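Visitor: Next comes my_file.csv, CSV, N, CA, C and O atoms:
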```csv
chain,number,residue,atom,x,y,z
Q,82,MET,N,0.8,-1.2,0.0
Q,82,MET,CA,0.0,0.0,0.0
Q,82,MET,C,0.9,1.2,0.0
Q,82,MET,O,1.7,1.4,0.9
Q,83,ILE,N,0.7,2.1,-1.0
Q,83,ILE,CA,1.5,3.3,-1.1
Q,83,ILE,C,0.8,4.5,-0.6
Q,83,ILE,O,-0.4,4.7,-0.9
Q,84,ILE,N,1.4,5.2,0.3
Q,84,ILE,CA,0.8,6.4,0.9
Q,84,ILE,C,1.2,7.6,0.1
Q,84,ILE,O,2.4,7.7,-0.3
Q,85,HIS,N,0.3,8.4,-0.3
Q,85,HIS,CA,0.6,9.5,-1.2
Q,85,HIS,C,1.5,10.6,-0.4
Q,85,HIS,O,1.4,10.6,0.8
Q,86,VAL,N,2.2,11.3,-1.1
Q,86,VAL,CA,3.1,12.3,-0.6
Q,86,VAL,C,2.3,13.4,0.2
Q,86,VAL,O,2.7,13.8,1.3
Q,87,GLU,N,1.1,13.7,-0.2
Q,87,GLU,CA,0.3,14.7,0.5
Q,87,GLU,C,-0.1,14.2,1.8
Q,87,GLU,O,-0.1,15.0,2.8
Q,88,VAL,N,-0.5,13.0,1.9
Q,88,VAL,CA,-0.9,12.4,3.2
Q,88,VAL,C,0.3,12.3,4.2
Q,88,VAL,O,0.2,12.7,5.3
Q,89,MET,N,1.5,12.0,3.7
Q,89,MET,CA,2.7,12.0,4.5
Q,89,MET,C,3.0,13.4,5.0
Q,89,MET,O,3.4,13.5,6.2
Q,90,THR,N,2.8,14.3,4.2
Q,90,THR,CA,3.1,15.7,4.6
Q,90,THR,C,2.1,16.2,5.6
Q,90,THR,O,2.5,16.8,6.6
Q,91,MET,N,0.9,15.8,5.5
Q,91,MET,CA,-0.1,16.2,6.5
Q,91,MET,C,0.1,15.5,7.8
Q,91,MET,O,0.0,16.1,8.9
Q,92,ILE,N,0.5,14.2,7.8
Q,92,ILE,CA,0.9,13.5,9.0
Q,92,ILE,C,2.1,14.2,9.6
Q,92,ILE,O,2.2,14.3,10.9
Q,93,SER,N,3.1,14.6,8.8
Q,93,SER,CA,4.3,15.3,9.4
Q,93,SER,C,3.9,16.6,10.1
Q,93,SER,O,4.4,17.0,11.1
Q,94,TYR,N,3.0,17.4,9.4
Q,94,TYR,CA,2.5,18.6,10.1
Q,94,TYR,C,1.8,18.3,11.4
Q,94,TYR,O,2.0,19.0,12.4
Q,95,PHE,N,1.0,17.3,11.4
Q,95,PHE,CA,0.2,16.9,12.6
Q,95,PHE,C,1.2,16.5,13.7
Q,95,PHE,O,1.1,16.9,14.9
Q,96,LEU,N,2.2,15.7,13.4
Q,96,LEU,CA,3.2,15.3,14.3
Q,96,LEU,C,4.0,16.5,14.9
Q,96,LEU,O,4.4,16.5,16.0
Q,97,ALA,N,4.3,17.5,14.0
Q,97,ALA,CA,5.0,18.7,14.5
Q,97,ALA,C,4.2,19.4,15.5
Q,97,ALA,O,4.7,19.8,16.6
Q,98,VAL,N,2.9,19.6,15.3
Q,98,VAL,CA,2.0,20.3,16.2
Q,98,VAL,C,1.9,19.5,17.5
Q,98,VAL,O,2.0,20.1,18.6
Q,99,VAL,N,1.7,18.2,17.4
Q,99,VAL,CA,1.5,17.4,18.6
Q,99,VAL,C,2.8,17.3,19.4
Q,99,VAL,O,2.7,17.5,20.7
Q,100,SER,N,3.9,17.2,18.8
Q,100,SER,CA,5.2,17.2,19.6
Q,100,SER,C,5.4,18.5,20.2
Q,100,SER,O,6.0,18.6,21.3
Q,101,ALA,N,5.1,19.6,19.5
Q,101,ALA,CA,5.3,21.0,20.1
Q,101,ALA,C,4.4,21.1,21.3
Q,101,ALA,O,4.8,21.7,22.3
Q,102,ILE,N,3.1,20.6,21.3
Q,102,ILE,CA,2.2,20.7,22.4
Q,102,ILE,C,2.8,19.9,23.6
Q,102,ILE,O,2.8,20.3,24.7
Q,103,ILE,N,3.2,18.7,23.3
Q,103,ILE,CA,3.7,17.8,24.4
Q,103,ILE,C,5.0,18.4,25.0
Q,103,ILE,O,5.1,18.4,26.3
Q,104,VAL,N,5.9,18.8,24.2
Q,104,VAL,CA,7.1,19.4,24.8
Q,104,VAL,C,6.8,20.7,25.5
Q,104,VAL,O,7.4,21.0,26.5
Q,105,GLY,N,5.9,21.5,25.0
Q,105,GLY,CA,5.4,22.7,25.7
Q,105,GLY,C,4.8,22.4,27.0
Q,105,GLY,O,5.1,23.1,28.0
Q,106,LEU,N,4.1,21.4,27.1
Q,106,LEU,CA,3.5,21.0,28.4
Q,106,LEU,C,4.6,20.5,29.4
Q,106,LEU,O,4.6,20.8,30.6
Q,107,ILE,N,5.6,19.8,28.8
Q,107,ILE,CA,6.8,19.4,29.7
Q,107,ILE,C,7.5,20.6,30.2
Q,107,ILE,O,8.0,20.6,31.3
Q,108,LEU,N,7.7,21.6,29.3
Q,108,LEU,CA,8.4,22.8,29.7
Q,108,LEU,C,7.6,23.8,30.5
Q,108,LEU,O,8.0,24.9,30.9
Q,109,ARG,N,6.3,23.4,30.8
Q,109,ARG,CA,5.4,24.1,31.6
Q,109,ARG,C,5.0,25.5,31.0
Q,109,ARG,O,4.9,26.5,31.7
Q,110,LEU,N,4.8,25.5,29.7
Q,110,LEU,CA,4.2,26.7,29.1
Q,110,LEU,C,2.7,26.7,29.3
Q,110,LEU,O,2.1,25.6,29.4
Q,111,PRO,N,2.1,27.8,29.5
Q,111,PRO,CA,0.7,27.8,29.7
Q,111,PRO,C,-0.1,27.4,28.5
Q,111,PRO,O,0.4,27.6,27.3
Q,112,LEU,N,-1.2,26.7,28.6
Q,112,LEU,CA,-2.0,26.2,27.5
Q,112,LEU,C,-2.6,27.4,26.7
Q,112,LEU,O,-2.5,27.4,25.5
Q,113,LEU,N,-3.1,28.3,27.4
Q,113,LEU,CA,-3.7,29.5,26.8
Q,113,LEU,C,-3.1,30.8,27.4
Q,113,LEU,O,-2.6,30.8,28.5
Q,114,PRO,N,-3.1,31.9,26.6
Q,114,PRO,CA,-2.5,33.1,27.1
Q,114,PRO,C,-3.4,33.7,28.2
Q,114,PRO,O,-4.5,33.3,28.5
Q,115,GLU,N,-2.9,34.7,28.9
Q,115,GLU,CA,-3.6,35.3,30.0
Q,115,GLU,C,-4.9,36.0,29.5
Q,115,GLU,O,-5.0,36.4,28.3
Q,116,ARG,N,-5.8,36.3,30.4
Q,116,ARG,CA,-7.1,37.0,30.0
Q,116,ARG,C,-6.8,38.5,30.1
Q,116,ARG,O,-6.1,38.9,31.0
Q,117,PRO,N,-7.3,39.4,29.3
Q,117,PRO,CA,-8.0,39.1,28.1
Q,117,PRO,C,-7.0,38.7,27.0
Q,117,PRO,O,-6.0,39.2,26.8
Q,118,ILE,N,-7.4,37.6,26.3
Q,118,ILE,CA,-6.6,37.0,25.3
Q,118,ILE,C,-6.2,37.9,24.2
Q,118,ILE,O,-5.1,37.9,23.7
Q,119,ARG,N,-7.1,38.8,23.9
Q,119,ARG,CA,-6.9,39.7,22.7
Q,119,ARG,C,-5.7,40.6,22.9
Q,119,ARG,O,-5.0,40.9,22.0
Q,120,TYR,N,-5.4,41.1,24.2
Q,120,TYR,CA,-4.3,42.0,24.4
Q,120,TYR,C,-3.2,41.3,25.2
Q,120,TYR,O,-2.3,42.0,25.7
Q,121,SER,N,-3.2,40.0,25.2
Q,121,SER,CA,-2.1,39.3,26.0
Q,121,SER,C,-1.0,39.0,25.1
Q,121,SER,O,-1.1,38.5,23.9
Q,122,PHE,N,0.2,39.2,25.6
Q,122,PHE,CA,1.4,38.9,24.8
Q,122,PHE,C,2.2,37.7,25.5
Q,122,PHE,O,3.4,37.6,25.4
Q,123,THR,N,1.5,37.0,26.3
Q,123,THR,CA,2.1,35.8,27.0
Q,123,THR,C,2.3,34.7,26.0
Q,123,THR,O,1.4,34.5,25.2
Q,124,ILE,N,3.4,34.1,26.1
Q,124,ILE,CA,3.7,32.9,25.2
Q,124,ILE,C,3.0,31.7,25.8
Q,124,ILE,O,3.1,31.4,27.0
Q,125,SER,N,2.2,31.0,24.9
Q,125,SER,CA,1.5,29.9,25.4
Q,125,SER,C,1.7,28.8,24.3
Q,125,SER,O,2.3,28.9,23.3
Q,126,ILE,N,1.1,27.6,24.6
Q,126,ILE,CA,1.2,26.5,23.7
Q,126,ILE,C,0.4,26.7,22.5
Q,126,ILE,O,0.8,26.4,21.4
Q,127,ILE,N,-0.9,27.2,22.6
Q,127,ILE,CA,-1.7,27.4,21.5
Q,127,ILE,C,-1.2,28.4,20.5
Q,127,ILE,O,-1.2,28.3,19.3
Q,128,PHE,N,-0.8,29.6,21.1
Q,128,PHE,CA,-0.2,30.6,20.2
Q,128,PHE,C,0.9,31.2,21.0
Q,128,PHE,O,0.8,31.6,22.1
Q,129,PRO,N,2.1,31.3,20.5
Q,129,PRO,CA,2.6,31.1,19.1
Q,129,PRO,C,3.3,29.7,18.9
Q,129,PRO,O,3.8,29.5,17.8
Q,130,THR,N,3.3,28.8,19.9
Q,130,THR,CA,4.1,27.6,19.7
Q,130,THR,C,3.6,26.8,18.6
Q,130,THR,O,4.5,26.3,17.7
Q,131,THR,N,2.4,26.5,18.4
Q,131,THR,CA,1.9,25.7,17.3
Q,131,THR,C,2.0,26.4,16.0
Q,131,THR,O,2.3,25.7,15.0
Q,132,VAL,N,1.9,27.7,16.0
Q,132,VAL,CA,2.1,28.4,14.7
Q,132,VAL,C,3.5,28.4,14.3
Q,132,VAL,O,3.8,28.2,13.1
Q,133,ILE,N,4.4,28.5,15.2
Q,133,ILE,CA,5.9,28.4,14.9
Q,133,ILE,C,6.2,27.0,14.4
Q,133,ILE,O,6.9,26.8,13.4
Q,134,ALA,N,5.6,26.0,15.0
Q,134,ALA,CA,5.8,24.6,14.5
Q,134,ALA,C,5.3,24.4,13.1
Q,134,ALA,O,6.0,23.8,12.3
Q,135,LEU,N,4.2,25.0,12.8
Q,135,LEU,CA,3.7,24.9,11.4
Q,135,LEU,C,4.5,25.6,10.4
Q,135,LEU,O,4.8,25.2,9.3
Q,136,GLY,N,5.0,26.8,10.8
Q,136,GLY,CA,5.8,27.6,9.9
Q,136,GLY,C,7.2,27.0,9.7
Q,136,GLY,O,7.7,26.9,8.5
Q,137,LEU,N,7.8,26.5,10.8
Q,137,LEU,CA,9.1,25.8,10.6
Q,137,LEU,C,9.0,24.6,9.8
Q,137,LEU,O,9.8,24.2,9.0
Q,138,SER,N,7.9,23.8,10.0
Q,138,SER,CA,7.6,22.6,9.2
Q,138,SER,C,7.5,23.0,7.7
Q,138,SER,O,8.1,22.3,6.9
Q,139,ALA,N,6.8,24.0,7.4
Q,139,ALA,CA,6.7,24.4,6.0
Q,139,ALA,C,8.0,24.8,5.4
Q,139,ALA,O,8.3,24.4,4.2
Q,140,MET,N,8.8,25.5,6.1
Q,140,MET,CA,10.2,25.9,5.6
Q,140,MET,C,11.1,24.7,5.4
Q,140,MET,O,11.7,24.5,4.4
Q,141,VAL,N,11.1,23.8,6.4
Q,141,VAL,CA,11.9,22.6,6.3
Q,141,VAL,C,11.5,21.6,5.2
Q,141,VAL,O,12.3,21.1,4.5
Q,142,PHE,N,10.2,21.5,5.1
Q,142,PHE,CA,9.6,20.6,4.0
Q,142,PHE,C,9.9,21.2,2.6
Q,142,PHE,O,10.2,20.5,1.7
Q,143,GLU,N,9.9,22.5,2.5
Q,143,GLU,CA,10.2,23.1,1.2
Q,143,GLU,C,11.7,23.0,0.9
Q,143,GLU,O,12.0,22.9,-0.3
Q,144,LEU,N,12.5,22.9,1.9
Q,144,LEU,CA,14.0,22.6,1.6
Q,144,LEU,C,14.2,21.2,1.2
Q,144,LEU,O,15.4,20.9,0.8
Q,145,GLY,N,13.2,20.4,1.3
Q,145,GLY,CA,13.4,19.0,0.8
Q,145,GLY,C,13.5,17.9,1.9
Q,145,GLY,O,13.6,16.8,1.6
Q,146,TRP,N,13.5,18.3,3.1
Q,146,TRP,CA,13.6,17.4,4.2
Q,146,TRP,C,12.2,17.1,4.6
Q,146,TRP,O,11.4,17.9,5.1
Q,147,GLU,N,11.8,15.8,4.4
Q,147,GLU,CA,10.4,15.4,4.7
Q,147,GLU,C,10.4,14.2,5.5
Q,147,GLU,O,11.4,13.5,5.6
Q,148,GLY,N,9.3,13.9,6.2
Q,148,GLY,CA,9.2,12.7,7.0
Q,148,GLY,C,8.7,12.9,8.3
Q,148,GLY,O,8.6,14.1,8.8
Q,149,MET,N,8.2,11.8,9.0
Q,149,MET,CA,7.6,12.0,10.3
Q,149,MET,C,8.6,12.3,11.3
Q,149,MET,O,8.3,13.1,12.2
Q,150,ALA,N,9.8,11.8,11.2
Q,150,ALA,CA,10.9,12.2,12.2
Q,150,ALA,C,11.2,13.7,12.2
Q,150,ALA,O,11.4,14.3,13.2
Q,151,VAL,N,11.2,14.2,11.0
Q,151,VAL,CA,11.5,15.6,10.8
Q,151,VAL,C,10.4,16.5,11.4
Q,151,VAL,O,10.7,17.5,12.1
Q,152,GLY,N,9.2,16.0,11.3
Q,152,GLY,CA,8.0,16.7,11.9
Q,152,GLY,C,8.1,16.7,13.4
Q,152,GLY,O,7.9,17.8,14.0
Q,153,ILE,N,8.5,15.6,14.0
Q,153,ILE,CA,8.7,15.6,15.4
Q,153,ILE,C,9.8,16.5,15.9
Q,153,ILE,O,9.7,17.2,16.9
Q,154,ILE,N,10.9,16.4,15.2
Q,154,ILE,CA,12.1,17.3,15.6
Q,154,ILE,C,11.7,18.7,15.5
Q,154,ILE,O,12.1,19.5,16.3
Q,155,VAL,N,11.0,19.1,14.4
Q,155,VAL,CA,10.6,20.5,14.2
Q,155,VAL,C,9.7,20.9,15.4
Q,155,VAL,O,9.8,22.1,15.9
Q,156,GLY,N,8.8,20.1,15.8
Q,156,GLY,CA,7.9,20.4,16.9
Q,156,GLY,C,8.7,20.6,18.2
Q,156,GLY,O,8.4,21.6,19.0
Q,157,VAL,N,9.7,19.8,18.5
Q,157,VAL,CA,10.5,20.0,19.7
Q,157,VAL,C,11.2,21.3,19.6
Q,157,VAL,O,11.3,22.0,20.6
Q,158,ILE,N,11.8,21.6,18.5
Q,158,ILE,CA,12.6,22.8,18.3
Q,158,ILE,C,11.7,24.0,18.5
Q,158,ILE,O,12.1,25.0,19.1
Q,159,SER,N,10.5,24.0,17.9
Q,159,SER,CA,9.6,25.1,18.0
Q,159,SER,C,9.2,25.4,19.5
Q,159,SER,O,9.0,26.5,19.9
Q,160,ALA,N,9.0,24.3,20.3
Q,160,ALA,CA,8.6,24.5,21.7
Q,160,ALA,C,9.8,25.1,22.4
Q,160,ALA,O,9.6,26.0,23.3
Q,161,LEU,N,11.0,24.7,22.1
Q,161,LEU,CA,12.2,25.2,22.8
Q,161,LEU,C,12.4,26.7,22.4
Q,161,LEU,O,12.7,27.5,23.2
Q,162,ILE,N,12.1,27.0,21.1
Q,162,ILE,CA,12.2,28.4,20.7
Q,162,ILE,C,11.2,29.3,21.4
Q,162,ILE,O,11.5,30.4,21.9
Q,163,SER,N,10.0,28.8,21.6
Q,163,SER,CA,8.9,29.5,22.3
Q,163,SER,C,9.3,29.8,23.7
Q,163,SER,O,9.1,30.8,24.3
Q,164,LYS,N,9.9,28.8,24.4
Q,164,LYS,CA,10.2,28.9,25.8
Q,164,LYS,C,11.4,29.8,26.1
Q,164,LYS,O,11.3,30.6,27.0
Q,165,TYR,N,12.4,29.6,25.3
Q,165,TYR,CA,13.7,30.2,25.7
Q,165,TYR,C,14.2,31.4,24.8
Q,165,TYR,O,14.9,32.2,25.2
Q,166,LEU,N,13.7,31.5,23.5
Q,166,LEU,CA,14.3,32.5,22.6
Q,166,LEU,C,13.3,33.5,22.1
Q,166,LEU,O,13.7,34.6,21.7
Q,167,LEU,N,12.0,33.3,22.2
Q,167,LEU,CA,11.0,34.2,21.6
Q,167,LEU,C,11.0,35.5,22.2
Q,167,LEU,O,10.9,36.6,21.5
Q,168,GLU,N,11.1,35.6,23.5
Q,168,GLU,CA,11.1,36.9,24.2
Q,168,GLU,C,12.4,37.7,23.8
Q,168,GLU,O,12.3,39.0,23.8
Q,169,LYS,N,13.5,37.1,23.5
Q,169,LYS,CA,14.7,37.8,23.1
Q,169,LYS,C,14.6,38.3,21.6
Q,169,LYS,O,15.1,39.3,21.3
Q,170,ILE,N,13.9,37.5,20.8
Q,170,ILE,CA,13.8,37.8,19.4
Q,170,ILE,C,12.8,38.9,19.2
Q,170,ILE,O,13.0,39.9,18.5
Q,171,LEU,N,11.6,38.7,19.8
Q,171,LEU,CA,10.5,39.6,19.7
Q,171,LEU,C,10.1,40.1,21.1
Q,171,LEU,O,9.2,39.4,21.7
Q,172,PRO,N,10.6,41.2,21.6
Q,172,PRO,CA,10.2,41.6,23.0
Q,172,PRO,C,8.8,42.1,23.0
Q,172,PRO,O,8.2,42.4,22.0
Q,173,ARG,N,8.3,42.2,24.3
Q,173,ARG,CA,6.9,42.6,24.5
Q,173,ARG,C,6.8,44.1,24.1
Q,173,ARG,O,7.7,44.8,24.2
Q,174,PRO,N,5.6,44.5,23.8
Q,174,PRO,CA,5.4,46.0,23.5
Q,174,PRO,C,5.7,46.8,24.8
Q,174,PRO,O,5.5,46.3,25.9
Q,175,ALA,N,6.0,48.1,24.6
Q,175,ALA,CA,6.4,48.9,25.7
Q,175,ALA,C,5.2,49.2,26.6
Q,175,ALA,O,5.4,49.3,27.8
Q,176,GLU,N,4.0,49.3,26.1
Q,176,GLU,CA,2.8,49.5,27.0
Q,176,GLU,C,2.7,48.4,28.0
Q,176,GLU,O,2.4,48.6,29.2
Q,177,GLN,N,2.8,47.2,27.6
Q,177,GLN,CA,2.7,46.1,28.5
Q,177,GLN,C,3.8,46.0,29.5
Q,177,GLN,O,3.6,45.7,30.6
Q,178,VAL,N,5.0,46.2,29.1
Q,178,VAL,CA,6.1,46.2,30.0
Q,178,VAL,C,6.0,47.3,31.0
Q,178,VAL,O,6.3,47.0,32.2
Q,179,GLU,N,5.6,48.5,30.7
Q,179,GLU,CA,5.4,49.6,31.6
Q,179,GLU,C,4.3,49.2,32.6
Q,179,GLU,O,4.3,49.5,33.8
Q,180,GLY,N,3.2,48.6,32.1
Q,180,GLY,CA,2.1,48.2,32.9
Q,180,GLY,C,2.4,47.2,34.0
Q,180,GLY,O,1.9,47.1,35.0
Q,181,GLU,N,3.4,46.3,33.7
Q,181,GLU,CA,3.8,45.3,34.6
Q,181,GLU,C,4.6,45.8,35.8
Q,181,GLU,O,4.6,45.3,36.9
Q,182,THR,N,5.4,46.9,35.5
Q,182,THR,CA,6.2,47.4,36.6
Q,182,THR,C,5.5,48.3,37.6
Q,182,THR,O,5.9,48.5,38.7
Q,183,GLN,N,4.3,48.8,37.2
Q,183,GLN,CA,3.6,49.7,38.1
Q,183,GLN,C,2.7,48.9,39.1
Q,183,GLN,O,2.2,47.9,38.9
```
Write out the structure in this file as structure tokens.
Guide:
Amino acid sequence: MIIHVEVMTMISYFLAVVSAIIVGLILRLPLLPERPIRYSFTISIIFPTTVIALGLSAMVFELGWEGMAVGIIVGVISALISKYLLEKILPRPAEQVEGETQ
């Protein structure tokens, strides 16, 4: 039985998202951002971790690296980026930073 390339790609995307969620839970990222969600810049599992996983997966798959193992590795890397690097790459807006100090 031959699995089509599109199905394998969708499975790889799914594995990237699931592995990002699992590693995010292990790293104790919150599942949802703080309330009100609309104005929250807290890093959570739902946003931006899963979005980063999907974006990195798309870039890596476009470079020619495909497969389920690649999807899992990309998910782990995206959770680590969200936990440890995202605040340094994209700092919080000045209004929210000032509001926290008062």
Visitor: Hey, what's within 8 Å of Ala97 (chain Q) if we count only C-alpha atoms and toss same-chain stuff fewer than 2 positions away? As a PyMOL selection string, please?
Guide: chain Q and resi 93-95+99-101+134-135+138+152-157
Visitor: So, with all atoms listed in the file as the atoms that count, which of Q:Leu161, Q:Ile133, Q:Met149, Q:Ile127 lies closest to Thr90 (chain Q)?
Guide: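 Looking only at the distances to Thr90 (chain Q), the closest residue turns out to be Q:Met149.
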Visitor: Rounded to one decimal in Å, what is the spacing between CA of Gly105 (chain Q) and CA of Ile92 (chain Q)?
Guide: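 Rounded to one decimal, the two atoms are 19.6 Å apart.
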Visitor: What is the distance, in Å and to one decimal place, between CA of Arg116 (chain Q) and atom C of Ile158 (chain Q)?
Guide: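 Answer for the CA of Arg116 (chain Q) to atom C of Ile158 (chain Q) separation: 25.6 Å.
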Visitor: For the atom pair atom C of Leu137 (chain Q) and CA of Ile102 (chain Q), what is the interatomic distance in Å to one decimal place?
Guide: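 Computing the Euclidean distance for atom C of Leu137 (chain Q) and CA of Ile102 (chain Q) yields 14.8 Å.
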Visitor: Please identify which residues in region 88-126 of chain Q DSSP calls helix (DSSP H, G or I) from the backbone, and express them as a list in words.
Guide: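 Of region 88-126 of chain Q, the ones in helix (DSSP H, G or I) are Val88, Met89, Thr90, Met91, Ile92, Ser93, Tyr94, Phe95, Leu96, Ala97, Val98, Val99, Ser100, Ala101, Ile102, Ile103, Val104, Gly105, Leu106, Ile107, Ile118, Arg119 and Tyr120 of chain Q.
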Visitor: Just checking: using all atoms listed in the file, which residue out of Q:Ile162, Q:Val86, Q:Ile107, Q:Leu96 ends up closest to Ala150 (chain Q)?
Guide: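 Ranking Q:Ile162, Q:Val86, Q:Ile107, Q:Leu96 by distance to Ala150 (chain Q), first place goes to Q:Leu96.
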Visitor: Pick out the closest residue to Met91 (chain Q) from this set: Q:Thr131, Q:Thr123, Q:Phe142, Q:Arg109. Count only C-alpha atoms.
Guide: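 When distances to Met91 (chain Q) are compared using only C-alpha atoms, the smallest one comes from Q:Phe142.
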Visitor: With only C-alpha atoms as the atoms that count, which of Q:Leu113, Q:Ile124, Q:Leu106, Q:Val98 lies nearest to Glu168 (chain Q)?
Guide: Q:Ile124
Visitor: Edge lengths and centre in Å to one decimal, as AutoDock Vina command-line options, of the axis-aligned box that encloses all listed atoms of region 102-121 of chain Q with 3 Å added on every side?
Guide:
```
--center_x 0.2 --center_y 29.9 --center_z 26.5 --size_x 22.4 --size_y 30.2 --size_z 16.4
```
